[in-house]
Each structure stands twice: as structure tokens, then as C-alpha cells.
Amino acid sequence: MLKNSLLLSASLLCAIPVAEASDRYATRPPVVVSPDLTAPWVMQLTGQGIRPAVTTRRTDTRQSAQQKRFVHPNTAGVQLAAVNGGQPATRQIDPMYLPQIVDYESTHKAGTIIIDTNNRFLYLVLDGGKARRYGVGVGKPGFEWAGTHKVTAKREWPSWTPPKEMIAREAAKGHYLPDFMEGGPANPLGSRAMYLGSTLYRIHGTNAPWTIGYGVSSGCIRMRNEDVVDLYERVNVGTKVIVI
């Protein structure tokens with residue numbers, strides 16, 4: 001009797017469709033990994049001095065009036081992801097170099113530009129003991145200078161003709177500069193330039209904003225593109241510029 005019961009139980013188990021068990025796994029929902037789980041991998045990259053590039057699709061092509069002022073007409077809607085030989089920017093500007101109104105006592109009249117090369121600041125003198133202060137990049141060691149000049153010309157999206165001395169100097173380092181470069185986002189003079197007297201020096205924008213606050217140029221005063229546009233619209237040809 002016991003033997004017959006065991007045989008009956010075994011036959012009933014065999015009668016259960018095998019597919020029934022597998023169907024439970026076939027209908028399992030797909031595995032979804034939260035984007036937050038990628039954060040530790042990104043943090044590992046940043047810890048090694050590497051900045052991962054993230055590409056996003058723009059769905060809103062509208063631009064603010066401030067943005068439109070320094071977007072080159074031939075590249076409207078195009079955002080540069082990297083400059084300087086294709087290397088991404090890995091240094092962010094110190095907030096103290098962003099434009100701000102500060103107390104500034106001066107004997108010079110409002111509208112005068114004073115550039116403090118030691119502290120990397122450009123001041124546009126205002127009335128009432130105030131000034132609009134911008135962060136700047138200045139001449140690297142051996143290229144510092146001081147003097148008083150006037151703005152003799154202003155250019156939007158200026159072209160660049162490197163001096164022969166600069167071309168020769170960079171060639172000796174293995175860096176080959178063009179004889180001439182049209183204005184645009186890739187041009188090292190950036191979105192605006194104000195020319196100083198009969199010198200080769202300019203106050204100009206830059207496509208490398210992370211260099212603001214450093215001595216990096218061959219004597220020119222460089223600003224963020226947003227800031228040089230703002231200054232450009234506040235001063236006229238004939239403005240006095242004092243470099244100290």
C-alpha cells in the first residue's frame with residue numbers, strides 16, 4: 001500500500017508542467033540600474049585629475065540676451081566642450097575673480113580703467129568711491145609691464161596676427177602658431193578686444209577662462225568672454241587705462 005502511494009505522488013509531481021516554473025522567470029521585469037550607482041565610478045575619475053565629459057541634447061535653443069552678446073554668428077547654438085588642443089577644462093575660476101562692485105577710493109575720474117597686475121584685478125572706476133572689479137589673466141614672468149595708455153580701438157570677435165617674435169619663440173618650444181587667425185570661438189583673443197595705444201597689448205577675451213587669475217599671457221590682459229563683453233559696452237575709445 002505504501003509503495004502504491006509513493007508511486008502515485010511521483011506521478012503527480014511529474015504531471016506539473018515544467019514551463020510553469022520557467023514562466024515565472026520569463027516574465028520577470030528587466031533589471032534597471034539607478035543612474036546614482038554610477039557616481040562612485042565618476043568620483044574615481046575625478047580623484048585622478050580626470051574630468052569626464054558629459055554630452056547632453058539641447059531641447060531649448062533659446063538664448064538669453066547676455067549669452068547672445070558673446071556667441072559668434074558663425075557658430076550660434078554651438079557650445080565648445082574643449083579648447084587648448086582638445087583638452088577639457090579641468091580648473092574652475094575662483095569666485096573672487098567674478099565681476100562685483102567693490103569699495104575703491106581713487107583720484108581718477110569715473111570711467112578710468114585701472115589694472116592691478118599683482119592681484120589680477122581690473123577696476124572700472126565708478127562714482128562714490130566704488131568700482132566694478134573683474135578678474136583678469138596677466139603677463140607671465142618676464143612679460144609683465146606697467147604704464148598709462150588709452151583705448152585706441154575696439155573690435156568684436158577680433159582676428160589675431162601673432163607677432164613674429166612670438167611665432168619664433170613658440171616655434172623654439174615646438175609650438176607652431178598660424179600667421180593669421182580669423183575671429184571666432186577658437187581664437188585666443190575671444191569675443192572682444194580693446195587695443196591700448198600704439199602697443200601690441202590688448203584687453204581681450206579668452207577661450208581658456210580657467211586661466212583667469214594667473215600670469216599666463218605674453219603681456220595682454222585677458223578676461224572671461226562674458227566679462228570682456230560687459231566691459232566693452234561700458235567704455236569708449238579714448239578711455240584711460242592705467243596698468244600698475
# chains A, B, ... in the order shown; residues from 1 in each chain; ligands from 1
>>> residues_around(residues="Pro95 in chain A", least_positions_apart="4", cutoff="12 Å", atoms="only C-alpha atoms", output="list in words")
Pro99, Gln100, Tyr134, Gly135, Trp210, Ile212 and Gly213 of chain A
>>> residues_around(residues="Val241 in chain A", least_positions_apart="3", cutoff="12 Å", atoms="only C-alpha atoms", output="MDAnalysis selection string")
chainID A and resid 108:116 122:125 146:152 194:197 201:203 221 235:238 244
>>> atom_distance(atom1="CA of Val229 in chain A", atom2="CA of Ser217 in chain A")
19.3 Å
>>> residues_around(residues="Asp179 in chain A", least_positions_apart="2", cutoff="7 Å", atoms="only C-alpha atoms", output="MDAnalysis selection string")
chainID A and resid 161:162 177
>>> write_last_selection(atoms="N, CA, C and O atoms", output="PDB file, in the first residue's frame")
ATOM      1  N   THR A 161      46.842  88.269 -35.368  1.00  0.00           N
ATOM      2  CA  THR A 161      48.081  88.140 -36.133  1.00  0.00           C
ATOM      3  C   THR A 161      49.225  88.072 -35.133  1.00  0.00           C
ATOM      4  O   THR A 161      49.651  89.116 -34.609  1.00  0.00           O
ATOM      5  N   PRO A 162      49.703  86.888 -34.797  1.00  0.00           N
ATOM      6  CA  PRO A 162      50.767  86.785 -33.794  1.00  0.00           C
ATOM      7  C   PRO A 162      52.014  87.538 -34.242  1.00  0.00           C
ATOM      8  O   PRO A 162      52.406  87.456 -35.408  1.00  0.00           O
ATOM      9  N   LEU A 177      52.537  78.458 -34.395  1.00  0.00           N
ATOM     10  CA  LEU A 177      51.395  79.354 -34.466  1.00  0.00           C
ATOM     11  C   LEU A 177      51.093  79.734 -35.908  1.00  0.00           C
ATOM     12  O   LEU A 177      51.993  79.798 -36.734  1.00  0.00           O
TER      13      LEU A 177
END
>>> closest_residue(among="A:Pro163, A:Ala172, A:Glu105, A:Ala153", to="Thr239 in chain A", atoms="only C-alpha atoms")
A:Ala153
>>> residues_around(residues="Cys220 in chain A", least_positions_apart="5", cutoff="12 Å", atoms="only C-alpha atoms", output="CSV table (one decimal) with C-alpha atoms, in the first residue's frame")
chain,number,residue,atom,x,y,z
A,115,ILE,CA,44.6,97.1,-13.8
A,117,THR,CA,48.6,93.0,-12.3
A,136,VAL,CA,42.0,89.0,-15.3
A,137,GLY,CA,44.9,87.0,-16.5
A,138,VAL,CA,48.1,88.9,-16.9
A,139,GLY,CA,51.6,88.6,-18.4
A,140,LYS,CA,53.7,85.6,-17.3
A,143,PHE,CA,56.3,89.7,-19.8
A,144,GLU,CA,55.0,92.0,-17.0
A,145,TRP,CA,54.7,95.6,-17.8
A,146,ALA,CA,53.2,98.8,-16.4
A,188,PRO,CA,42.7,83.2,-28.3
A,189,LEU,CA,41.5,86.8,-28.3
A,193,ALA,CA,39.3,93.3,-27.8
A,194,MET,CA,40.3,96.8,-26.7
A,195,TYR,CA,43.6,98.0,-28.1
A,196,LEU,CA,46.0,100.0,-25.9
A,199,THR,CA,51.4,99.0,-28.2
A,200,LEU,CA,50.8,95.3,-29.2
A,201,TYR,CA,48.9,94.9,-25.9
A,202,ARG,CA,45.1,94.5,-25.6
A,203,ILE,CA,42.4,93.8,-23.1
A,204,HIS,CA,40.7,90.9,-24.6
A,205,GLY,CA,38.6,87.8,-24.0
A,206,THR,CA,39.8,84.2,-23.9
A,215,GLY,CA,50.2,85.1,-15.2
A,243,VAL,CA,48.4,99.3,-15.6
>>> closest_residue(among="A:Val228, A:Met166, A:Met181, A:Met223", to="Phe121 in chain A", atoms="only C-alpha atoms")
A:Met223
>>> atom_distance(atom1="CA of Arg133 in chain A", atom2="CA of Ile101 in chain A")
6.1 Å
>>> atom_distance(atom1="CA of Ile93 in chain A", atom2="CA of Pro158 in chain A")
23.8 Å
>>> residues_around(residues="Ile167 in chain A", least_positions_apart="6", cutoff="12 Å", atoms="only C-alpha atoms", output="list in words")
Thr161, Lys173, Gly174, His175, Tyr176, Leu177, Pro178, Asp179, Phe180 and Ser218 of chain A
>>> decode(residues="range 107-160 of chain A", atoms="C-alpha atoms", output="tab-separated table (two decimals), in the first residue's frame")
chain	number	residue	atom	x	y	z
A	107	THR	CA	41.81	110.08	-7.51
A	108	HIS	CA	40.96	109.07	-11.07
A	109	LYS	CA	37.64	110.03	-12.56
A	110	ALA	CA	34.81	107.60	-13.18
A	111	GLY	CA	35.28	105.59	-16.36
A	112	THR	CA	39.02	105.08	-15.88
A	113	ILE	CA	40.34	101.51	-16.10
A	114	ILE	CA	42.97	100.53	-13.55
A	115	ILE	CA	44.63	97.10	-13.83
A	116	ASP	CA	46.33	95.68	-10.74
A	117	THR	CA	48.55	93.02	-12.30
A	118	ASN	CA	49.91	91.75	-8.96
A	119	ASN	CA	46.46	90.91	-7.65
A	120	ARG	CA	44.94	90.01	-11.06
A	121	PHE	CA	42.12	92.55	-10.94
A	122	LEU	CA	40.80	95.12	-13.40
A	123	TYR	CA	38.86	98.03	-11.91
A	124	LEU	CA	36.45	100.25	-13.80
A	125	VAL	CA	36.26	103.34	-11.58
A	126	LEU	CA	32.73	104.45	-10.63
A	127	ASP	CA	31.42	107.48	-8.76
A	128	GLY	CA	31.07	107.49	-4.98
A	129	GLY	CA	34.25	105.60	-4.09
A	130	LYS	CA	33.19	102.43	-5.90
A	131	ALA	CA	34.50	100.37	-8.79
A	132	ARG	CA	33.36	97.47	-10.90
A	133	ARG	CA	36.01	94.77	-10.39
A	134	TYR	CA	36.81	91.93	-12.79
A	135	GLY	CA	39.31	89.10	-12.56
A	136	VAL	CA	41.99	89.02	-15.25
A	137	GLY	CA	44.90	86.98	-16.53
A	138	VAL	CA	48.14	88.92	-16.94
A	139	GLY	CA	51.63	88.61	-18.39
A	140	LYS	CA	53.66	85.59	-17.35
A	141	PRO	CA	57.06	86.09	-15.67
A	142	GLY	CA	59.30	88.12	-17.97
A	143	PHE	CA	56.31	89.67	-19.77
A	144	GLU	CA	55.00	91.96	-17.04
A	145	TRP	CA	54.68	95.65	-17.79
A	146	ALA	CA	53.17	98.85	-16.42
A	147	GLY	CA	52.17	102.14	-17.95
A	148	THR	CA	49.35	104.50	-18.90
A	149	HIS	CA	47.59	104.35	-22.26
A	150	LYS	CA	44.23	104.95	-23.84
A	151	VAL	CA	41.84	102.62	-25.63
A	152	THR	CA	42.56	103.43	-29.26
A	153	ALA	CA	40.33	100.84	-30.94
A	154	LYS	CA	37.63	98.28	-30.15
A	155	ARG	CA	36.89	95.08	-32.07
A	156	GLU	CA	34.18	92.43	-31.84
A	157	TRP	CA	35.44	88.90	-32.46
A	158	PRO	CA	38.90	90.21	-33.37
A	159	SER	CA	41.24	88.40	-35.70
A	160	TRP	CA	44.72	87.57	-34.46
